[in-house]
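*Asks:* File protein-v2.txt follows (compact mmCIF, C-alpha atoms):
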```txt
# COMPACT_ATOMS: atom_id res chain seq x y z
CA MET A 153 22.44 -15.80 -35.15
CA LYS A 154 19.07 -15.06 -33.62
CA HIS A 155 17.97 -12.26 -35.94
CA GLY A 156 20.16 -13.05 -38.92
CA ILE A 157 21.30 -10.76 -41.71
CA VAL A 158 19.44 -7.69 -42.94
CA ILE A 159 20.38 -6.22 -46.34
CA VAL A 160 19.27 -2.71 -47.33
CA GLY A 161 19.08 -2.60 -51.13
CA SER A 162 18.01 -4.98 -53.89
CA GLY A 163 20.38 -4.28 -56.78
CA PHE A 164 23.14 -6.38 -58.31
CA ALA A 165 25.38 -6.20 -55.22
CA ALA A 166 22.61 -7.28 -52.83
CA ARG A 167 21.57 -10.18 -55.06
CA GLN A 168 25.12 -11.42 -55.54
CA LEU A 169 25.53 -11.37 -51.77
CA VAL A 170 22.37 -13.39 -51.20
CA LYS A 171 23.42 -16.02 -53.76
CA ASN A 172 26.83 -16.36 -52.11
CA ILE A 173 25.37 -16.57 -48.60
CA ARG A 174 23.09 -19.39 -49.70
CA LYS A 175 26.03 -21.33 -51.15
CA HIS A 176 27.36 -21.61 -47.60
CA ASP A 177 24.23 -21.53 -45.43
CA ALA A 178 20.71 -22.40 -46.59
CA GLN A 179 18.94 -21.57 -43.34
CA ILE A 180 20.34 -18.40 -41.75
CA PRO A 181 17.54 -15.75 -41.73
CA VAL A 182 18.08 -13.13 -44.46
CA ARG A 183 15.84 -10.09 -44.94
CA MET A 184 16.11 -7.64 -47.84
CA ILE A 185 14.58 -4.18 -47.61
CA ALA A 186 14.38 -1.78 -50.56
CA ALA A 187 12.42 1.18 -51.82
CA ASP A 188 11.73 -0.40 -55.24
CA SER A 189 9.73 -3.43 -56.42
CA MET A 190 12.77 -5.69 -55.92
CA ASP A 191 12.27 -7.31 -59.32
CA GLU A 192 15.62 -8.30 -60.87
CA TYR A 193 16.96 -6.62 -64.00
CA ASN A 194 20.39 -6.31 -65.62
CA LYS A 195 21.54 -2.70 -65.20
CA PRO A 196 24.13 -2.76 -68.04
CA ASP A 197 21.25 -3.42 -70.46
CA LEU A 198 20.24 0.24 -70.00
CA SER A 199 23.13 1.12 -72.35
CA HIS A 200 21.33 -0.62 -75.24
CA ILE A 201 17.67 -0.22 -74.39
CA ILE A 202 16.80 2.53 -76.90
CA SER A 203 18.39 0.91 -79.97
CA LEU A 204 16.75 -2.41 -79.04
CA ASN A 205 13.40 -0.57 -78.80
CA GLN A 206 12.70 -2.09 -75.39
CA ARG A 207 10.27 -1.02 -72.71
CA ALA A 208 11.30 -0.81 -69.06
CA ASP A 209 9.39 -4.01 -68.26
CA ASP A 210 11.39 -5.89 -70.92
CA LEU A 211 14.44 -5.61 -68.64
CA THR A 212 12.86 -7.66 -65.85
CA ARG A 213 14.51 -11.06 -65.44
CA GLN A 214 12.90 -12.38 -62.27
CA ARG A 215 10.04 -11.21 -60.10
CA ALA A 216 10.74 -10.49 -56.45
CA GLY A 217 8.51 -13.30 -55.18
CA GLU A 218 10.35 -15.91 -57.26
CA PHE A 219 13.70 -14.66 -55.97
CA ALA A 220 12.49 -14.80 -52.35
CA GLU A 221 11.23 -18.35 -52.78
CA GLN A 222 14.37 -19.54 -54.60
CA PHE A 223 16.76 -18.21 -51.95
CA ASN A 224 14.61 -18.52 -48.81
CA LEU A 225 14.40 -14.78 -48.06
CA THR A 226 12.05 -12.35 -46.40
CA LEU A 227 11.52 -9.34 -48.66
CA ASN A 228 10.18 -5.91 -47.79
CA ALA A 229 9.63 -4.19 -51.13
CA ASN A 230 8.64 -0.55 -51.62
CA SER A 231 9.91 0.17 -48.11
CA TRP A 232 11.98 3.30 -47.41
CA VAL A 233 14.47 2.79 -44.60
CA SER A 234 14.15 5.89 -42.44
CA GLU A 235 16.74 5.13 -39.77
CA ILE A 236 19.39 2.70 -38.59
CA ASN A 237 20.01 2.39 -34.86
CA PRO A 238 23.44 0.72 -34.46
CA ARG A 239 23.29 0.68 -30.66
CA GLU A 240 20.06 -1.33 -30.58
CA ARG A 241 20.76 -3.03 -33.92
CA LEU A 242 17.49 -1.96 -35.51
CA VAL A 243 16.46 -0.96 -39.02
CA LYS A 244 13.40 1.29 -39.12
CA CYS A 245 10.91 1.90 -41.94
CA GLY A 246 8.29 4.37 -40.73
CA ASP A 247 6.41 2.63 -37.94
CA GLN A 248 8.00 -0.77 -38.68
CA GLN A 249 11.35 -1.96 -37.39
CA TRP A 250 13.47 -5.09 -37.68
CA PRO A 251 16.37 -6.28 -35.51
CA TYR A 252 19.60 -7.60 -37.03
CA ASP A 253 22.75 -9.42 -36.01
CA LYS A 254 24.61 -8.24 -39.11
CA LEU A 255 23.52 -5.40 -41.39
CA VAL A 256 24.66 -4.81 -44.97
CA LEU A 257 24.20 -1.48 -46.72
CA ALA A 258 23.92 -2.00 -50.47
CA THR A 259 22.26 1.33 -51.13
CA GLY A 260 23.85 1.96 -54.53
CA SER A 261 24.43 5.35 -56.09
CA SER A 262 22.52 8.20 -57.71
CA ALA A 263 23.16 10.01 -60.97
CA LEU A 264 24.68 13.47 -60.55
CA LEU A 265 22.99 16.55 -61.97
CA PRO A 266 24.92 19.75 -62.71
CA PRO A 267 24.07 22.77 -60.49
CA ILE A 268 22.42 24.77 -63.29
CA ASP A 269 19.11 26.51 -63.90
CA GLY A 270 16.72 24.02 -65.44
CA LYS A 271 18.43 20.89 -64.14
CA GLU A 272 14.99 19.48 -63.29
CA LEU A 273 14.47 19.07 -67.05
CA MET A 274 17.31 16.55 -67.26
CA LEU A 275 16.74 12.80 -67.48
CA THR A 276 18.88 10.10 -65.88
CA LEU A 277 19.20 6.41 -66.75
CA ASN A 278 20.70 4.86 -63.63
CA SER A 279 17.94 2.32 -62.93
CA GLN A 280 14.96 0.54 -64.40
CA GLN A 281 12.70 2.86 -62.41
CA GLU A 282 14.37 5.94 -63.91
CA TYR A 283 13.96 4.59 -67.42
CA LEU A 284 10.31 3.77 -66.74
CA ALA A 285 9.78 7.41 -65.71
CA CYS A 286 11.24 8.81 -68.94
CA GLU A 287 10.89 6.08 -71.57
CA SER A 288 8.10 7.87 -73.48
CA SER A 289 10.13 11.10 -73.64
CA LEU A 290 13.24 9.31 -74.84
CA ARG A 291 11.49 7.09 -77.38
CA GLU A 292 9.72 10.09 -78.91
CA ALA A 293 12.74 12.42 -78.86
CA LYS A 294 14.40 13.09 -82.21
CA ARG A 295 17.24 15.33 -80.94
CA VAL A 296 18.96 14.25 -77.73
CA MET A 297 21.74 16.02 -75.83
CA ILE A 298 23.94 13.93 -73.56
CA LEU A 299 25.95 15.71 -70.90
CA GLY A 300 29.10 13.75 -70.11
CA GLY A 301 31.61 11.86 -72.24
CA GLY A 302 32.55 9.16 -69.74
CA LEU A 303 31.63 5.49 -69.96
CA ILE A 304 27.86 5.90 -69.63
CA GLY A 305 27.60 9.02 -71.79
CA THR A 306 29.64 7.47 -74.59
CA GLU A 307 27.65 4.24 -74.53
CA LEU A 308 24.33 6.10 -74.56
CA ALA A 309 25.47 8.41 -77.38
CA MET A 310 26.20 5.43 -79.62
CA ASP A 311 22.99 3.66 -78.59
CA PHE A 312 20.75 6.66 -79.29
CA CYS A 313 22.50 7.22 -82.61
CA ARG A 314 21.97 3.57 -83.56
CA ALA A 315 18.28 4.12 -82.77
CA GLY A 316 18.16 6.85 -85.43
CA LYS A 317 18.24 9.88 -83.15
CA GLN A 318 20.29 13.02 -83.69
CA VAL A 319 22.78 13.09 -80.80
CA ILE A 320 24.84 15.94 -79.37
CA LEU A 321 27.36 14.99 -76.68
CA VAL A 322 28.76 17.79 -74.47
CA ASP A 323 31.75 17.43 -72.16
CA ASN A 324 34.08 19.89 -70.42
CA ALA A 325 37.10 17.68 -71.16
CA SER A 326 39.00 17.72 -74.45
CA ASN A 327 38.24 14.10 -75.42
CA LEU A 328 36.00 11.12 -74.72
CA LEU A 329 36.66 8.94 -71.66
CA ALA A 330 39.18 11.57 -70.53
CA SER A 331 39.45 10.22 -66.98
CA LEU A 332 40.03 6.67 -68.20
CA ILE A 333 42.17 6.53 -71.35
CA PRO A 334 44.72 8.65 -73.28
CA ALA A 335 43.46 11.02 -75.94
CA GLU A 336 45.35 9.10 -78.66
CA VAL A 337 43.22 6.05 -77.89
CA SER A 338 39.87 7.79 -77.47
CA SER A 339 40.33 9.57 -80.81
CA ARG A 340 39.54 6.30 -82.58
CA LEU A 341 36.20 6.07 -80.77
CA GLN A 342 35.52 9.75 -81.38
CA GLN A 343 36.11 9.29 -85.09
CA ARG A 344 33.67 6.39 -85.19
CA LEU A 345 30.97 8.38 -83.39
CA ASN A 346 31.55 11.30 -85.76
CA GLN A 347 31.16 8.96 -88.74
CA MET A 348 27.87 7.74 -87.28
CA GLY A 349 26.63 11.34 -87.04
CA VAL A 350 27.12 12.13 -83.33
CA GLU A 351 28.08 15.78 -82.76
CA LEU A 352 30.85 15.95 -80.13
CA LEU A 353 31.26 19.27 -78.31
CA PHE A 354 34.36 19.26 -76.11
CA ASN A 355 35.71 21.89 -73.71
CA GLN A 356 32.14 23.06 -73.18
CA CYS A 357 29.91 23.37 -70.11
CA LEU A 358 26.14 23.31 -70.05
CA GLU A 359 25.04 26.57 -68.42
CA SER A 360 21.24 26.39 -68.39
CA LEU A 361 18.16 24.64 -69.72
CA ASN A 362 14.87 26.31 -70.62
CA LYS A 363 11.56 24.69 -71.59
CA THR A 364 10.09 25.96 -74.85
CA PRO A 365 6.97 25.05 -76.87
CA GLN A 366 9.28 23.18 -79.25
CA GLY A 367 11.29 21.32 -76.59
CA ILE A 368 14.33 22.43 -74.55
CA ASN A 369 16.87 25.17 -75.21
CA ALA A 370 20.32 24.23 -73.92
CA ALA A 371 22.75 27.15 -73.41
CA LEU A 372 26.48 26.34 -73.59
CA SER A 373 29.45 28.19 -72.14
CA ASN A 374 30.60 29.36 -75.60
CA GLY A 375 27.35 31.27 -76.04
CA ARG A 376 25.70 28.75 -78.35
CA THR A 377 22.10 27.69 -77.72
CA ILE A 378 20.92 24.32 -79.02
CA SER A 379 17.31 23.21 -79.31
CA VAL A 380 16.73 19.56 -78.36
CA ASP A 381 13.87 17.29 -77.32
CA ALA A 382 15.60 15.66 -74.34
CA VAL A 383 18.74 16.13 -72.22
CA VAL A 384 20.34 13.16 -70.44
CA ALA A 385 22.76 13.65 -67.55
CA ALA A 386 25.71 11.22 -67.58
CA ILE A 387 28.34 13.12 -65.59
CA GLY A 388 28.87 10.54 -62.88
CA LEU A 389 27.42 8.81 -59.85
CA ARG A 390 27.27 9.78 -56.19
CA PRO A 391 27.25 6.93 -53.63
CA ASN A 392 24.10 6.90 -51.51
CA VAL A 393 25.58 7.47 -48.05
CA GLY A 394 22.75 9.31 -46.26
CA LEU A 395 21.62 6.37 -44.12
CA ALA A 396 25.19 5.62 -43.08
CA GLN A 397 25.88 9.27 -42.21
CA HIS A 398 22.77 9.53 -40.04
CA ALA A 399 23.78 6.31 -38.27
CA GLY A 400 27.15 7.84 -37.40
CA LEU A 401 29.24 5.62 -39.68
CA ALA A 402 32.50 6.86 -41.23
CA VAL A 403 31.78 8.30 -44.66
CA ASN A 404 34.06 9.91 -47.24
CA ARG A 405 33.02 9.80 -50.88
CA GLY A 406 31.40 6.45 -50.13
CA ILE A 407 30.77 4.47 -46.95
CA GLU A 408 34.25 3.65 -45.68
CA VAL A 409 34.95 -0.07 -45.28
CA ASN A 410 38.02 -2.14 -44.48
CA ARG A 411 39.22 -5.17 -46.46
CA GLN A 412 36.57 -7.28 -44.68
CA LEU A 413 33.91 -4.87 -46.08
CA GLN A 414 33.19 -3.79 -42.50
CA THR A 415 32.23 -0.18 -41.71
CA SER A 416 33.27 1.74 -38.60
CA ASP A 417 30.58 -0.30 -36.78
CA GLU A 418 31.68 -3.93 -36.44
CA ASN A 419 28.16 -5.25 -37.12
CA ILE A 420 27.49 -3.14 -40.23
CA TYR A 421 28.99 -3.76 -43.67
CA ALA A 422 28.74 -1.98 -47.03
CA LEU A 423 28.83 -3.42 -50.54
CA GLY A 424 28.65 -2.22 -54.13
CA ASP A 425 28.43 1.31 -55.52
CA CYS A 426 27.99 2.85 -52.05
CA ALA A 427 31.16 1.34 -50.54
CA GLU A 428 34.61 2.98 -50.51
CA ILE A 429 37.58 0.59 -50.27
CA ASP A 430 41.08 2.04 -49.87
CA GLY A 431 39.82 5.43 -50.98
CA LYS A 432 38.20 4.03 -54.14
CA VAL A 433 34.59 3.54 -55.17
CA LEU A 434 34.42 0.64 -57.66
CA PRO A 435 31.03 0.67 -59.41
CA PHE A 436 31.87 -2.18 -61.80
CA LEU A 437 30.42 -5.70 -61.91
CA GLN A 438 33.60 -7.70 -61.32
CA PRO A 439 34.74 -5.92 -58.12
CA ILE A 440 31.20 -6.24 -56.78
CA GLN A 441 31.16 -9.97 -57.53
CA PHE A 442 34.47 -10.54 -55.71
CA SER A 443 33.32 -8.33 -52.82
CA ALA A 444 30.06 -10.27 -52.48
CA MET A 445 31.95 -13.58 -52.29
CA THR A 446 34.23 -12.26 -49.55
CA LEU A 447 31.46 -10.59 -47.57
CA ALA A 448 29.22 -13.67 -47.62
CA LYS A 449 31.93 -15.66 -45.85
CA ASN A 450 32.59 -12.87 -43.35
CA LEU A 451 28.93 -12.53 -42.43
CA LEU A 452 28.98 -16.23 -41.59
CA GLY A 453 31.99 -15.97 -39.29
CA ALA A 454 35.13 -15.68 -41.42
CA ALA A 455 37.46 -12.67 -41.46
CA ASP A 456 38.69 -12.78 -45.06
CA GLY A 457 40.28 -9.73 -46.64
CA LEU A 458 39.12 -8.67 -50.10
CA SER A 459 41.72 -9.32 -52.78
CA LEU A 460 40.93 -8.01 -56.25
CA PRO A 461 42.73 -9.45 -59.28
CA ALA A 462 43.39 -7.44 -62.43
CA MET A 463 39.99 -6.95 -64.04
CA LEU A 464 38.64 -5.93 -67.43
CA VAL A 465 36.38 -2.95 -67.97
CA LYS A 466 34.25 -3.38 -71.08
CA VAL A 467 33.13 -0.30 -72.97
CA LYS A 468 29.77 -1.23 -74.46
CA THR A 469 30.04 0.64 -77.77
CA PRO A 470 29.12 -2.03 -80.36
CA GLU A 471 30.36 -0.09 -83.40
CA LEU A 472 33.82 0.13 -81.80
CA PRO A 473 34.03 -2.01 -78.65
CA LEU A 474 36.90 -1.59 -76.19
CA HIS A 475 38.38 -3.56 -73.31
CA LEU A 476 40.69 -1.88 -70.83
CA ALA A 477 42.43 -2.86 -67.63
CA GLY A 478 44.95 -1.58 -65.11
CA GLU A 479 45.81 1.99 -64.17
CA THR A 480 44.77 3.53 -67.48
CA GLN A 481 44.23 6.94 -65.84
CA ARG A 482 47.85 7.29 -64.64
CA GLY A 483 49.55 10.33 -66.17
CA ASP A 484 53.11 9.01 -65.82
CA LEU A 485 52.80 5.97 -68.09
CA THR A 486 54.53 5.67 -71.44
CA TRP A 487 52.07 4.37 -74.01
CA GLN A 488 52.93 2.12 -76.95
CA ILE A 489 50.06 2.29 -79.41
CA THR A 490 49.52 0.14 -82.49
CA ALA A 491 46.55 1.25 -84.58
CA GLU A 492 45.47 -1.01 -87.43
CA PRO A 493 42.30 -1.14 -89.56
CA GLN A 494 41.11 -4.19 -87.61
CA GLY A 495 41.68 -2.66 -84.19
CA LEU A 496 43.95 -0.95 -81.71
CA ILE A 497 46.41 -2.18 -79.06
CA ALA A 498 47.66 0.32 -76.46
CA LYS A 499 50.03 -0.68 -73.65
CA GLY A 500 50.99 1.62 -70.77
CA TYR A 501 54.39 1.08 -69.12
CA ASP A 502 55.89 2.60 -65.97
CA GLU A 503 59.49 3.76 -65.58
CA ALA A 504 60.61 0.21 -64.83
CA GLN A 505 59.02 -0.98 -68.09
CA GLN A 506 56.34 -2.88 -66.19
CA LEU A 507 52.98 -3.21 -67.96
CA ARG A 508 50.54 -1.20 -65.84
CA ALA A 509 47.61 -0.73 -68.21
CA PHE A 510 46.30 -1.73 -71.60
CA ILE A 511 43.45 -0.97 -73.99
CA VAL A 512 42.39 -3.16 -76.93
CA SER A 513 39.62 -2.61 -79.46
CA GLU A 514 37.64 -4.51 -82.07
CA ALA A 515 39.43 -7.62 -83.42
CA HIS A 516 42.25 -7.27 -80.88
CA MET A 517 39.96 -7.70 -77.88
CA LYS A 518 40.79 -11.42 -77.97
CA LEU A 519 44.25 -10.44 -76.66
CA ALA A 520 42.79 -8.99 -73.45
CA PHE A 521 43.01 -12.09 -71.24
CA GLY A 522 46.63 -12.76 -72.19
CA LEU A 523 47.56 -9.15 -71.42
CA LEU A 524 45.64 -9.39 -68.15
CA ARG A 525 48.04 -12.09 -67.00
CA GLU A 526 51.03 -9.83 -67.80
CA LEU A 527 49.61 -6.84 -65.93
CA GLN A 528 51.42 -5.68 -62.78
CA ILE A 529 48.96 -4.71 -60.04
```
Kindly present the structure from the file in structure tokens form.
*Replies:*
Amino acid sequence: MKHGIVIVGSGFAARQLVKNIRKHDAQIPVRMIAADSMDEYNKPDLSHIISLNQRADDLTRQRAGEFAEQFNLTLNANSWVSEINPRERLVKCGDQQWPYDKLVLATGSSALLPPIDGKELMLTLNSQQEYLACESSLREAKRVMILGGGLIGTELAMDFCRAGKQVILVDNASNLLASLIPAEVSSRLQQRLNQMGVELLFNQCLESLNKTPQGINAALSNGRTISVDAVVAAIGLRPNVGLAQHAGLAVNRGIEVNRQLQTSDENIYALGDCAEIDGKVLPFLQPIQFSAMTLAKNLLGAADGLSLPAMLVKVKTPELPLHLAGETQRGDLTWQITAEPQGLIAKGYDEAQQLRAFIVSEAHMKLAFGLLRELQI
């Protein structure tokens, strides 16, 4: 390759790709371009940062320059990619441009905000940069409202509570993790959060936010108004597909890719939170790791198809940790649930009595890898 590989993005997916490329080829030119500093940090640590009393800088694991030297890269930090020209195979940043042989979009995702009056008052915690922008507000806040009872919202609710803050969690569903696990299972986690002092408000929508001298007034759909110091949005992520759209690539919810991680342009690939594989966006670490291994080989001339094994999702709620795997969101499964003081085991079976999903908590999490081998995928 004359021009080599250009990667847009510097997050976990991009870094995993670089490490895998260098396992196979130490010399092929690789350039990374990103709008941030390109310093490495561990994104899952954001779920514990308040209770650990950490600053944004405490998350940094490796400076960009060290990473570039270690893996023989050219880095363009703090550079906004303004355009991709697939016909000429160029990536443009303002008045600069770089040619590529193969291009990888690892543009990540952005936190969603609800379409309400006052949404600009909401905070998001989807990156180190976002935490840096709001760390003073969050550290000083005594009363925090979290909008969203999914994975991130639940983890943050427990973390803020462990940090001594008064926490109100609002969700329009009737239970925690409603899109992931059955209500009978999430009730155990809800009970634990209640015991810790988290106020859970289900079947409620946030209608508006208003700044006051005392803080923020949050108006709910049941007519109640709650005064808080900070409001955190945790209602989901939207893949960053703008660059791909403007370049004429096929986009649905994410950037559409085939099993080779290739977009509708044979020389452009997508990886991580921004990529959509078989109609699914998989913003979890394990799928990204497997995808990066496959894509590294394909960029160097292979044509391997991505094959994902059964994988664990870990719910980072230290007071009641959970592991889950399989099609836990399927509505047609029959669940067998054993709840004991030391933990819970829930198994979801299809009509043929095949194990399709499971959830284990606390002391029973050691069973997860054995159940993973039984899982039908």
*Asks:* Taking into account all atoms listed in the file, which residue in the set A:Ala520, A:Leu451, A:Leu273, A:Ala462 is nearest to A:Arg508?
*Replies:* A:Ala462
*Asks:* Out of A:Asn374, A:Glu336, A:Gly424, A:Asn392, which residue has the shortest atom-to-atom distance to A:Ile511 when counting all atoms listed in the file?
*Replies:*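 Once distances to A:Ile511 are computed over all atoms listed in the file, the minimum belongs to A:Glu336.
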*Asks:* Could you check how far atom CA of A:Lys449 sits from atom CA of A:Ile173, in Å to one decimal?
*Replies:*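 The value is 7.2 Å.
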*Asks:* Rounded to one decimal in Å, what is the spacing between atom CA of A:Lys171 and atom CA of A:Leu423?
*Replies:* 14.1 Å
*Asks:* Which residue, A:Met297, A:Ile489, A:Val243, A:Leu437, has the smallest gap to A:Pro334 when you use only C-alpha atoms?
*Replies:*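 Once distances to A:Pro334 are computed over only C-alpha atoms, the minimum belongs to A:Ile489.
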*Asks:* Env of A:Gly300: 9 Å cut, atoms = all atoms listed in the file, seq-sep filter 5 positions within chain, self excluded. Answer as a list in words.
*Replies:*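 Surrounding residues, per the criterion: Gly305, Thr306, Leu321, Val322, Asp323, Asn324, Ala325, Leu328, Val384, Ala385, Ala386, Ile387 and Gly388 of chain A.
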*Asks:* Choose the residue, out of A:Ala498, A:Ile529, A:Leu169, A:Val393, that has the smallest atom-to-atom separation from A:Arg340; count all atoms listed in the file.
*Replies:*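 Looking at the shortest contact to A:Arg340, the residue is A:Ala498.
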*Asks:* Could you please determine the separation between atom CA of A:Val182 and atom CA of A:Gln168 in Å, to one decimal place?
*Replies:*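 About the pair atom CA of A:Val182 and atom CA of A:Gln168: they are 13.2 Å apart.
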*Asks:* Hey, could you make a per-residue contact list for stretch 263-330 of chain A against stretch 201-212 of chain A with 8 Å as the cut-off, showing the nearest pair of atoms and its distance in Å to one decimal, counting only C-alpha atoms, sorted by chain and number, as a tab-separated table?
*Replies:*
```
residue	atom	partner	partner_atom	distance
A:Gln280	CA	A:Ala208	CA	6.1
A:Gln281	CA	A:Ala208	CA	7.7
A:Tyr283	CA	A:Ala208	CA	6.2
A:Leu284	CA	A:Ala208	CA	5.2
A:Glu287	CA	A:Arg207	CA	7.2
A:Leu290	CA	A:Ile202	CA	7.9
A:Arg291	CA	A:Ile202	CA	7.0
A:Asp311	CA	A:Ser203	CA	5.5
A:Phe312	CA	A:Ile202	CA	6.2
A:Cys313	CA	A:Ser203	CA	8.0
A:Arg314	CA	A:Ser203	CA	5.7
A:Ala315	CA	A:Ser203	CA	4.3
```
*Asks:* Which of these residues is nearest to A:Ser326, using all atoms listed in the file: A:Asn346, A:Gln222, A:Asn355, A:Asn194?
*Replies:*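 Going through A:Asn346, A:Gln222, A:Asn355, A:Asn194 one by one, the smallest distance to A:Ser326 is for A:Asn355.
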*Asks:* Neighbouring residues of A:Glu307 were defined as those with any atom within 9 Å, considering only C-alpha atoms; residues of the same chain fewer than 2 positions away were excluded. Please report them as a ChimeraX atom specification.
*Replies:* /A:199-200,301-305,309-312,467-470
*Asks:* Rank nothing, just name the residue among A:Ala330, A:Ala448, A:Ala187, A:Leu345 nearest to A:Arg174, using only C-alpha atoms.
*Replies:* A:Ala448
*Asks:* Can you sort out the box for stretch 332-337 of chain A, edges along x, y and z, all listed atoms in, 8 Å on every side, with centre and edge lengths in Å to one decimal, as JSON?
*Replies:*
```
{"center_x": 42.7, "center_y": 8.5, "center_z": -73.4, "size_x": 21.3, "size_y": 21.0, "size_z": 26.5}
```
*Asks:* Applying 12 Å and only C-alpha atoms, which residues near A:Leu361 remain after dropping the ones on its own chain fewer than 5 positions away? List them as a list in words.
*Replies:*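 In the requested format, the answer is Pro266, Pro267, Ile268, Asp269, Gly270, Lys271, Glu272, Leu273, Met274, Met297, Leu299, Gly367, Ile368, Asn369, Ala370, Ala371, Leu372, Thr377, Ile378, Ser379, Val380, Asp381, Ala382, Val383 and Val384 of chain A.
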*Asks:* Got a sec: who's within 9 Å of A:Leu257, counting all atoms listed in the file, leaving out chain neighbours fewer than 6 positions off, as JSON, numbers by chain?
*Replies:* {"A": [158, 159, 160, 161, 166, 395, 396, 407, 420, 421, 422, 423, 424, 426, 427]}
*Asks:* Report as a list of chain:residue names all protein, DNA and RNA residues lying within 8 Å of A:Lys317, evaluated on all atoms listed in the file, omitting residues in the same chain fewer than 5 positions from it.
*Replies:*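 Here the qualifying residues turn out to be A:Ala293, A:Lys294, A:Arg295, A:Val296, A:Phe312.
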